[in-house]
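*Asks:* What follows is input-v9.pdb; its format and atoms are PDB, C-alpha atoms.
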```
ATOM      1  CA  MET R   1     -13.144 -45.883   6.049
ATOM      2  CA  SER R   2     -10.465 -44.633   3.683
ATOM      3  CA  GLU R   3      -7.505 -42.845   5.210
ATOM      4  CA  ALA R   4      -8.130 -39.800   2.991
ATOM      5  CA  LYS R   5     -11.708 -39.412   4.217
ATOM      6  CA  ILE R   6     -10.602 -39.840   7.819
ATOM      7  CA  ARG R   7      -7.929 -37.145   7.434
ATOM      8  CA  ALA R   8     -10.353 -34.668   5.850
ATOM      9  CA  SER R   9     -12.937 -35.368   8.552
ATOM     10  CA  GLN R  10     -10.403 -34.965  11.341
ATOM     11  CA  LYS R  11      -9.306 -31.577   9.972
ATOM     12  CA  ALA R  12     -12.910 -30.357   9.982
ATOM     13  CA  LEU R  13     -13.455 -31.680  13.499
ATOM     14  CA  ASP R  14     -10.275 -29.998  14.754
ATOM     15  CA  PHE R  15     -11.511 -26.741  13.221
ATOM     16  CA  ILE R  16     -14.937 -26.713  14.887
ATOM     17  CA  LEU R  17     -14.179 -28.188  18.320
ATOM     18  CA  PRO R  18     -12.640 -25.005  19.804
ATOM     19  CA  LYS R  19     -15.603 -23.006  18.477
ATOM     20  CA  ILE R  20     -18.552 -25.003  19.847
ATOM     21  CA  THR R  21     -20.279 -25.115  23.234
ATOM     22  CA  GLN R  22     -22.770 -27.411  24.897
ATOM     23  CA  GLN R  23     -25.530 -25.268  23.348
ATOM     24  CA  THR R  24     -24.242 -25.671  19.794
ATOM     25  CA  VAL R  25     -26.376 -27.370  17.153
ATOM     26  CA  LEU R  26     -24.474 -28.758  14.165
ATOM     27  CA  GLY R  27     -25.758 -29.554  10.684
ATOM     28  CA  ILE R  28     -24.763 -32.935   9.301
ATOM     29  CA  GLY R  29     -24.689 -33.790   5.604
ATOM     30  CA  THR R  30     -24.779 -37.092   3.747
ATOM     31  CA  GLY R  31     -22.335 -39.549   2.218
ATOM     32  CA  SER R  32     -19.372 -41.769   2.952
ATOM     33  CA  THR R  33     -17.041 -38.938   3.985
ATOM     34  CA  VAL R  34     -19.684 -37.523   6.320
ATOM     35  CA  ASN R  35     -20.097 -40.997   7.812
ATOM     36  CA  CYS R  36     -16.411 -40.807   8.773
ATOM     37  CA  PHE R  37     -17.008 -37.404  10.316
ATOM     38  CA  ILE R  38     -20.000 -38.665  12.323
ATOM     39  CA  GLU R  39     -17.925 -41.485  13.785
ATOM     40  CA  LEU R  40     -15.207 -39.058  14.856
ATOM     41  CA  LEU R  41     -17.753 -36.525  16.132
ATOM     42  CA  ALA R  42     -19.442 -39.162  18.286
ATOM     43  CA  THR R  43     -16.421 -39.267  20.605
ATOM     44  CA  HIS R  44     -17.153 -35.606  21.455
ATOM     45  CA  LYS R  45     -20.951 -35.835  21.704
ATOM     46  CA  ASN R  46     -20.974 -34.185  25.136
ATOM     47  CA  ALA R  47     -19.317 -31.062  23.713
ATOM     48  CA  PHE R  48     -22.406 -29.923  21.771
ATOM     49  CA  LYS R  49     -26.199 -29.990  22.067
ATOM     50  CA  GLY R  50     -27.164 -32.014  19.009
ATOM     51  CA  VAL R  51     -27.481 -32.048  15.254
ATOM     52  CA  VAL R  52     -29.803 -31.370  12.346
ATOM     53  CA  SER R  53     -29.496 -34.084   9.714
ATOM     54  CA  SER R  54     -29.896 -33.714   5.947
ATOM     55  CA  SER R  55     -30.991 -37.292   5.239
ATOM     56  CA  LYS R  56     -32.523 -40.422   6.693
ATOM     57  CA  ALA R  57     -29.264 -42.296   6.065
ATOM     58  CA  SER R  58     -27.320 -39.869   8.236
ATOM     59  CA  SER R  59     -30.078 -39.828  10.840
ATOM     60  CA  ASP R  60     -29.848 -43.612  11.158
ATOM     61  CA  LEU R  61     -26.097 -43.443  11.760
ATOM     62  CA  ILE R  62     -26.453 -40.545  14.198
ATOM     63  CA  ALA R  63     -29.018 -42.540  16.186
ATOM     64  CA  ASN R  64     -26.510 -45.384  16.570
ATOM     65  CA  TYR R  65     -24.270 -43.026  18.540
ATOM     66  CA  ASP R  66     -27.057 -41.606  20.741
ATOM     67  CA  ILE R  67     -26.490 -38.093  19.435
ATOM     68  CA  GLU R  68     -29.615 -35.965  19.862
ATOM     69  CA  GLU R  69     -31.226 -34.962  16.577
ATOM     70  CA  PHE R  70     -33.412 -31.914  16.009
ATOM     71  CA  GLU R  71     -35.667 -30.854  13.171
ATOM     72  CA  LEU R  72     -34.501 -27.679  11.453
ATOM     73  CA  ASN R  73     -37.871 -26.078  12.230
ATOM     74  CA  ASP R  74     -37.249 -26.558  15.940
ATOM     75  CA  VAL R  75     -33.877 -24.825  16.322
ATOM     76  CA  ASN R  76     -33.029 -21.145  16.286
ATOM     77  CA  SER R  77     -29.622 -21.551  14.692
ATOM     78  CA  VAL R  78     -27.173 -24.084  13.266
ATOM     79  CA  SER R  79     -23.566 -23.108  13.897
ATOM     80  CA  PHE R  80     -21.706 -25.317  11.413
ATOM     81  CA  TYR R  81     -22.947 -27.476   8.554
ATOM     82  CA  ILE R  82     -20.505 -30.235   7.587
ATOM     83  CA  ASP R  83     -20.961 -32.086   4.324
ATOM     84  CA  GLY R  84     -19.080 -33.784   1.521
ATOM     85  CA  ALA R  85     -19.276 -33.269  -2.250
ATOM     86  CA  ASP R  86     -19.224 -35.215  -5.491
ATOM     87  CA  GLU R  87     -17.174 -32.502  -7.202
ATOM     88  CA  VAL R  88     -15.323 -29.437  -5.905
ATOM     89  CA  SER R  89     -14.000 -26.665  -8.137
ATOM     90  CA  MET R  90     -11.092 -24.392  -7.344
ATOM     91  CA  GLU R  91     -13.638 -21.563  -6.859
ATOM     92  CA  LYS R  92     -15.382 -23.605  -4.121
ATOM     93  CA  ASN R  93     -18.392 -24.435  -6.316
ATOM     94  CA  LEU R  94     -19.775 -27.910  -5.704
ATOM     95  CA  ILE R  95     -21.842 -30.629  -7.295
ATOM     96  CA  LYS R  96     -23.739 -32.699  -4.770
ATOM     97  CA  GLY R  97     -26.608 -35.151  -4.885
ATOM     98  CA  GLY R  98     -25.044 -38.479  -5.766
ATOM     99  CA  GLY R  99     -26.896 -39.804  -2.732
ATOM    100  CA  GLY R 100     -30.068 -37.959  -3.686
ATOM    101  CA  ALA R 101     -30.189 -35.674  -0.639
ATOM    102  CA  HIS R 102     -29.002 -32.407  -2.192
ATOM    103  CA  THR R 103     -32.250 -30.470  -1.634
ATOM    104  CA  ARG R 104     -32.259 -31.083   2.111
ATOM    105  CA  GLU R 105     -28.492 -30.558   2.177
ATOM    106  CA  LYS R 106     -28.860 -27.185   0.470
ATOM    107  CA  ILE R 107     -31.568 -26.122   2.918
ATOM    108  CA  VAL R 108     -29.531 -26.994   6.019
ATOM    109  CA  ALA R 109     -26.398 -25.438   4.520
ATOM    110  CA  ALA R 110     -28.259 -22.194   3.829
ATOM    111  CA  ALA R 111     -29.678 -22.149   7.358
ATOM    112  CA  SER R 112     -26.244 -22.548   8.953
ATOM    113  CA  GLU R 113     -23.840 -19.841  10.026
ATOM    114  CA  SER R 114     -20.894 -21.609   8.381
ATOM    115  CA  PHE R 115     -20.747 -24.312   5.691
ATOM    116  CA  ILE R 116     -17.783 -26.697   5.859
ATOM    117  CA  CYS R 117     -17.041 -29.095   3.009
ATOM    118  CA  ILE R 118     -14.913 -32.202   3.526
ATOM    119  CA  ALA R 119     -13.596 -34.020   0.466
ATOM    120  CA  ASP R 120     -10.668 -36.137  -0.622
ATOM    121  CA  GLN R 121      -8.471 -34.922  -3.467
ATOM    122  CA  SER R 122     -10.221 -37.137  -6.041
ATOM    123  CA  LYS R 123     -13.263 -34.820  -5.863
ATOM    124  CA  PHE R 124     -11.374 -31.687  -6.999
ATOM    125  CA  VAL R 125     -11.836 -30.637 -10.632
ATOM    126  CA  ASP R 126     -10.909 -27.672 -12.817
ATOM    127  CA  GLN R 127     -14.539 -27.285 -13.939
ATOM    128  CA  LEU R 128     -17.713 -28.918 -12.689
ATOM    129  CA  GLY R 129     -19.500 -31.380 -14.939
ATOM    130  CA  GLN R 130     -17.641 -34.669 -15.060
ATOM    131  CA  PHE R 131     -20.007 -35.975 -12.394
ATOM    132  CA  PRO R 132     -23.621 -36.073 -13.667
ATOM    133  CA  LEU R 133     -25.686 -33.225 -12.242
ATOM    134  CA  PRO R 134     -28.612 -34.463 -10.103
ATOM    135  CA  ILE R 135     -31.887 -32.553 -10.410
ATOM    136  CA  GLU R 136     -34.707 -33.334  -7.983
ATOM    137  CA  VAL R 137     -38.063 -33.028  -9.735
ATOM    138  CA  ALA R 138     -41.737 -33.426  -8.919
ATOM    139  CA  LYS R 139     -42.919 -36.738 -10.365
ATOM    140  CA  VAL R 140     -45.506 -35.129 -12.642
ATOM    141  CA  ALA R 141     -42.881 -32.848 -14.173
ATOM    142  CA  ARG R 142     -40.063 -35.329 -14.828
ATOM    143  CA  SER R 143     -40.536 -35.610 -18.605
ATOM    144  CA  TYR R 144     -41.180 -31.893 -19.041
ATOM    145  CA  VAL R 145     -38.084 -30.946 -17.078
ATOM    146  CA  SER R 146     -36.056 -33.499 -19.045
ATOM    147  CA  ARG R 147     -37.147 -31.913 -22.338
ATOM    148  CA  ARG R 148     -36.150 -28.491 -21.063
ATOM    149  CA  ILE R 149     -32.756 -29.870 -20.040
ATOM    150  CA  VAL R 150     -32.261 -31.393 -23.495
ATOM    151  CA  GLY R 151     -32.996 -27.947 -24.910
ATOM    152  CA  MET R 152     -30.141 -26.619 -22.768
ATOM    153  CA  GLY R 153     -27.747 -29.180 -24.260
ATOM    154  CA  GLY R 154     -27.915 -31.745 -21.443
ATOM    155  CA  LEU R 155     -28.457 -35.495 -21.562
ATOM    156  CA  PRO R 156     -30.882 -36.396 -18.735
ATOM    157  CA  LYS R 157     -31.283 -39.890 -17.342
ATOM    158  CA  PHE R 158     -34.048 -40.865 -14.943
ATOM    159  CA  ARG R 159     -32.651 -42.376 -11.732
ATOM    160  CA  GLN R 160     -34.593 -45.621 -11.658
ATOM    161  CA  ASN R 161     -36.074 -47.082  -8.472
ATOM    162  CA  PHE R 162     -35.141 -44.065  -6.368
ATOM    163  CA  ILE R 163     -37.326 -41.702  -4.382
ATOM    164  CA  THR R 164     -35.839 -38.854  -2.354
ATOM    165  CA  ASP R 165     -36.544 -38.358   1.346
ATOM    166  CA  LEU R 166     -38.914 -35.581   0.236
ATOM    167  CA  GLY R 167     -40.863 -37.974  -1.995
ATOM    168  CA  ASN R 168     -39.590 -36.752  -5.365
ATOM    169  CA  GLN R 169     -37.645 -38.205  -8.294
ATOM    170  CA  ILE R 170     -34.201 -37.429  -9.691
ATOM    171  CA  ILE R 171     -32.812 -37.022 -13.169
ATOM    172  CA  ASP R 172     -29.030 -37.149 -13.588
ATOM    173  CA  VAL R 173     -27.701 -34.913 -16.353
ATOM    174  CA  ARG R 174     -24.512 -35.132 -18.390
ATOM    175  CA  GLU R 175     -23.043 -32.855 -21.043
ATOM    176  CA  LEU R 176     -24.224 -29.556 -19.532
ATOM    177  CA  ASP R 177     -21.882 -26.595 -19.754
ATOM    178  CA  ILE R 178     -21.227 -25.642 -16.117
ATOM    179  CA  SER R 179     -18.633 -22.970 -16.829
ATOM    180  CA  ASN R 180     -20.915 -20.494 -15.015
ATOM    181  CA  PRO R 181     -22.250 -22.556 -12.084
ATOM    182  CA  LYS R 182     -24.236 -19.809 -10.376
ATOM    183  CA  GLU R 183     -26.047 -18.808 -13.570
ATOM    184  CA  LEU R 184     -26.891 -22.445 -14.370
ATOM    185  CA  GLU R 185     -28.046 -23.177 -10.809
ATOM    186  CA  ILE R 186     -30.521 -20.301 -11.052
ATOM    187  CA  LYS R 187     -31.620 -21.180 -14.597
ATOM    188  CA  ILE R 188     -32.390 -24.820 -13.812
ATOM    189  CA  ASN R 189     -34.224 -23.987 -10.601
ATOM    190  CA  ALA R 190     -36.453 -21.605 -12.567
ATOM    191  CA  ILE R 191     -37.919 -24.526 -14.568
ATOM    192  CA  PRO R 192     -41.399 -25.359 -13.198
ATOM    193  CA  GLY R 193     -41.310 -28.769 -11.546
ATOM    194  CA  VAL R 194     -37.679 -28.570 -10.447
ATOM    195  CA  ILE R 195     -37.333 -28.856  -6.672
ATOM    196  CA  ASP R 196     -33.604 -28.109  -6.662
ATOM    197  CA  ASN R 197     -30.448 -29.077  -8.496
ATOM    198  CA  GLY R 198     -27.098 -30.256  -7.202
ATOM    199  CA  ILE R 199     -25.024 -27.170  -8.021
ATOM    200  CA  PHE R 200     -23.900 -25.397  -4.853
ATOM    201  CA  SER R 201     -22.729 -22.017  -6.110
ATOM    202  CA  ILE R 202     -25.167 -19.491  -4.645
ATOM    203  CA  ASN R 203     -24.244 -20.807  -1.199
ATOM    204  CA  LYS R 204     -20.632 -21.994  -1.391
ATOM    205  CA  PRO R 205     -18.777 -23.582   1.517
ATOM    206  CA  ASN R 206     -16.939 -21.185   3.788
ATOM    207  CA  GLU R 207     -14.194 -23.740   4.409
ATOM    208  CA  ILE R 208     -13.003 -26.827   2.538
ATOM    209  CA  PHE R 209     -10.902 -29.512   4.205
ATOM    210  CA  SER R 210      -9.238 -32.282   2.212
ATOM    211  CA  ASP R 211      -6.714 -35.004   2.887
TER     212      ASP R 211
END
```
Would you mind giving the structure from this file in structure tokens?
*Replies:*
Amino acid sequence: MSEAKIRASQKALDFILPKITQQTVLGIGTGSTVNCFIELLATHKNAFKGVVSSSKASSDLIANYDIEEFELNDVNSVSFYIDGADEVSMEKNLIKGGGGAHTREKIVAAASESFICIADQSKFVDQLGQFPLPIEVAKVARSYVSRRIVGMGGLPKFRQNFITDLGNQIIDVRELDISNPKELEIKINAIPGVIDNGIFSINKPNEIFSD
């Protein structure tokens, strides 16, 4: 684990620990920084009830620490959702989905009372778009969605040999103008066949912790 990721994770853990009880359910995101957070969280597993995970990869790691996992459908509330990001703007807009879990991540984030982002300084940018934007698409719509994205000025690339946890495919898009993240998030999601895209602007993090 990098020292930067450990420091960001520890800050987030220090923030939530005084605010949780043994009835608290936490939301857990996906990625290498979140893996650091899970390892730190595991030493306090008796301080909360359990977690809702946003991906199979995180679920596998959570299981290694004997932390109880719940389905989102089976809990009444999620107090904090903790996740990383591939890019973070100064306005707290994010790009996520490098690991292909952004749809589930967005769902759990939206269902949580507070969204906490943990990221090292290398993820901070003046404007989103250096990292290719992941778009989860239904298999039958991949080419159609790609043509629509080209019409918007983007350069889509099919993510080969990858299927999301929800059974869909991903196209990664470069060259899009993301100067208005919220508008673009809505516009892309309005294309038939798009499941969700990796812009997190409608539901920004409440807190961001970095190294």
*Asks:* Can you work out the spacing between CA of Glu68 in chain R and CA of Ile95 in chain R in Å, to one decimal?
*Replies:*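 Pair CA of Glu68 in chain R / CA of Ile95 in chain R returns 28.7 Å.
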*Asks:* For Glu136 in chain R, list every protein, DNA or RNA residue within 9 Å, evaluated using only C-alpha atoms, and leave out those in the same chain fewer than 6 positions away; present the list as a PyMOL selection string.
*Replies:* chain R and resi 97+100-103+142+164+168-172+193-198
*Asks:* Would you list the contacts of Met90 in chain R as a list of chain:residue names, taking every protein, DNA or RNA residue within 12 Å and counting all atoms listed in the file, but skipping same-chain residues closer than 4 positions in sequence?
*Replies:*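 The contact residues come out as R:Leu94, R:Gln121, R:Lys123, R:Phe124, R:Val125, R:Asp126, R:Gln127, R:Leu128, R:Ser201, R:Lys204, R:Pro205, R:Ile208.
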*Asks:* Rank nothing, just name the residue among R:Gly50, R:Pro132, R:Gly27, R:Pro18 nearest to Ile107 in chain R, using only C-alpha atoms.
*Replies:* R:Gly27
*Asks:* Which neighbours of Arg148 in chain R fall inside 10 Å, counting only C-alpha atoms, when residues of the same chain fewer than 6 positions from it are skipped, and could you give them as a list in words?
*Replies:* Gly154, Pro156, Ile188, Ile191 and Pro192 of chain R
*Asks:* Select, from R:Ile149, R:Leu17, R:Leu155, R:Glu207, the residue with the minimum atom-to-atom distance to Lys187 in chain R, counting only C-alpha atoms.
*Replies:* R:Ile149
*Asks:* Between CA of Ser32 in chain R and CA of Lys45 in chain R, what is the distance in Å, rounded to a tenth?
*Replies:*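 Spanning CA of Ser32 in chain R to CA of Lys45 in chain R is a straight-line distance of 19.7 Å.
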*Asks:* Which residues are near Ser54 in chain R? Cut-off 10 Å, all atoms listed in the file, ignore same chain within fewer than 4 positions. Put them as a VMD selection string.
*Replies:* chain R and resid 27 to 30 58 to 59 71 to 72 81 83 101 to 109 165
*Asks:* Mind pulling up the distance from CA of Gly98 in chain R to CA of Pro134 in chain R?
*Replies:* 6.9 Å
*Asks:* Would you compute the box with edges along x, y and z of the file around range 100-115 of chain R, including every atom the file lists for it and 4 Å extra on each side, and give its centre and edge lengths in Å to one decimal, as JSON?
*Replies:*
```
{"center_x": -26.5, "center_y": -28.9, "center_z": 3.2, "size_x": 19.5, "size_y": 26.1, "size_z": 21.7}
```
*Asks:* Anything within 9 Å of (-25.8, -32.8, 22.4): list those residues as a list in words, counting all atoms listed in the file and sticking to the file's coordinates.
*Replies:* Gln22, Gln23, Thr24, Val25, Lys45, Asn46, Ala47, Phe48, Lys49, Gly50, Val51, Ile67, Glu68 and Glu69 of chain R
*Asks:* What are the nearest atom pairs, with distances in Å to one decimal, for all residues of range 26-58 of chain R that come at most 9 Å from range 116-119 of chain R, using only C-alpha atoms, set out by chain and rising residue number as CSV?
*Replies:*
```
residue,atom,partner,partner_atom,distance
R:Thr33,CA,R:Ala119,CA,7.0
R:Val34,CA,R:Ile118,CA,7.7
R:Phe37,CA,R:Ile118,CA,8.8
```
*Asks:* Find, counting all atoms listed in the file, the residue in R:Val78, R:Arg159, R:Gly167, R:Lys56 that gets nearest to Lys139 in chain R.
*Replies:*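 Checking each of R:Val78, R:Arg159, R:Gly167, R:Lys56 against Lys139 in chain R, counting all atoms listed in the file, the winner is R:Gly167.
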*Asks:* Tell me which of R:Cys36, R:Asp86, R:Ala111, R:Ala57 sits closest to Asn73 in chain R, counting all atoms listed in the file.
*Replies:*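 Of all the options, R:Ala111 lies closest to Asn73 in chain R.
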*Asks:* With distances taken over only C-alpha atoms, which residue among R:Glu39, R:Ala138, R:Ala190, R:Phe80 lies nearest Val52 in chain R?
*Replies:* R:Phe80
*Asks:* Determine the residue membership of the PyMOL selection byres ((chain R and resi 176) around 7) for the file above and supply it as JSON, numbers by chain.
*Replies:* {"R": [129, 153, 154, 174, 175, 177, 178]}
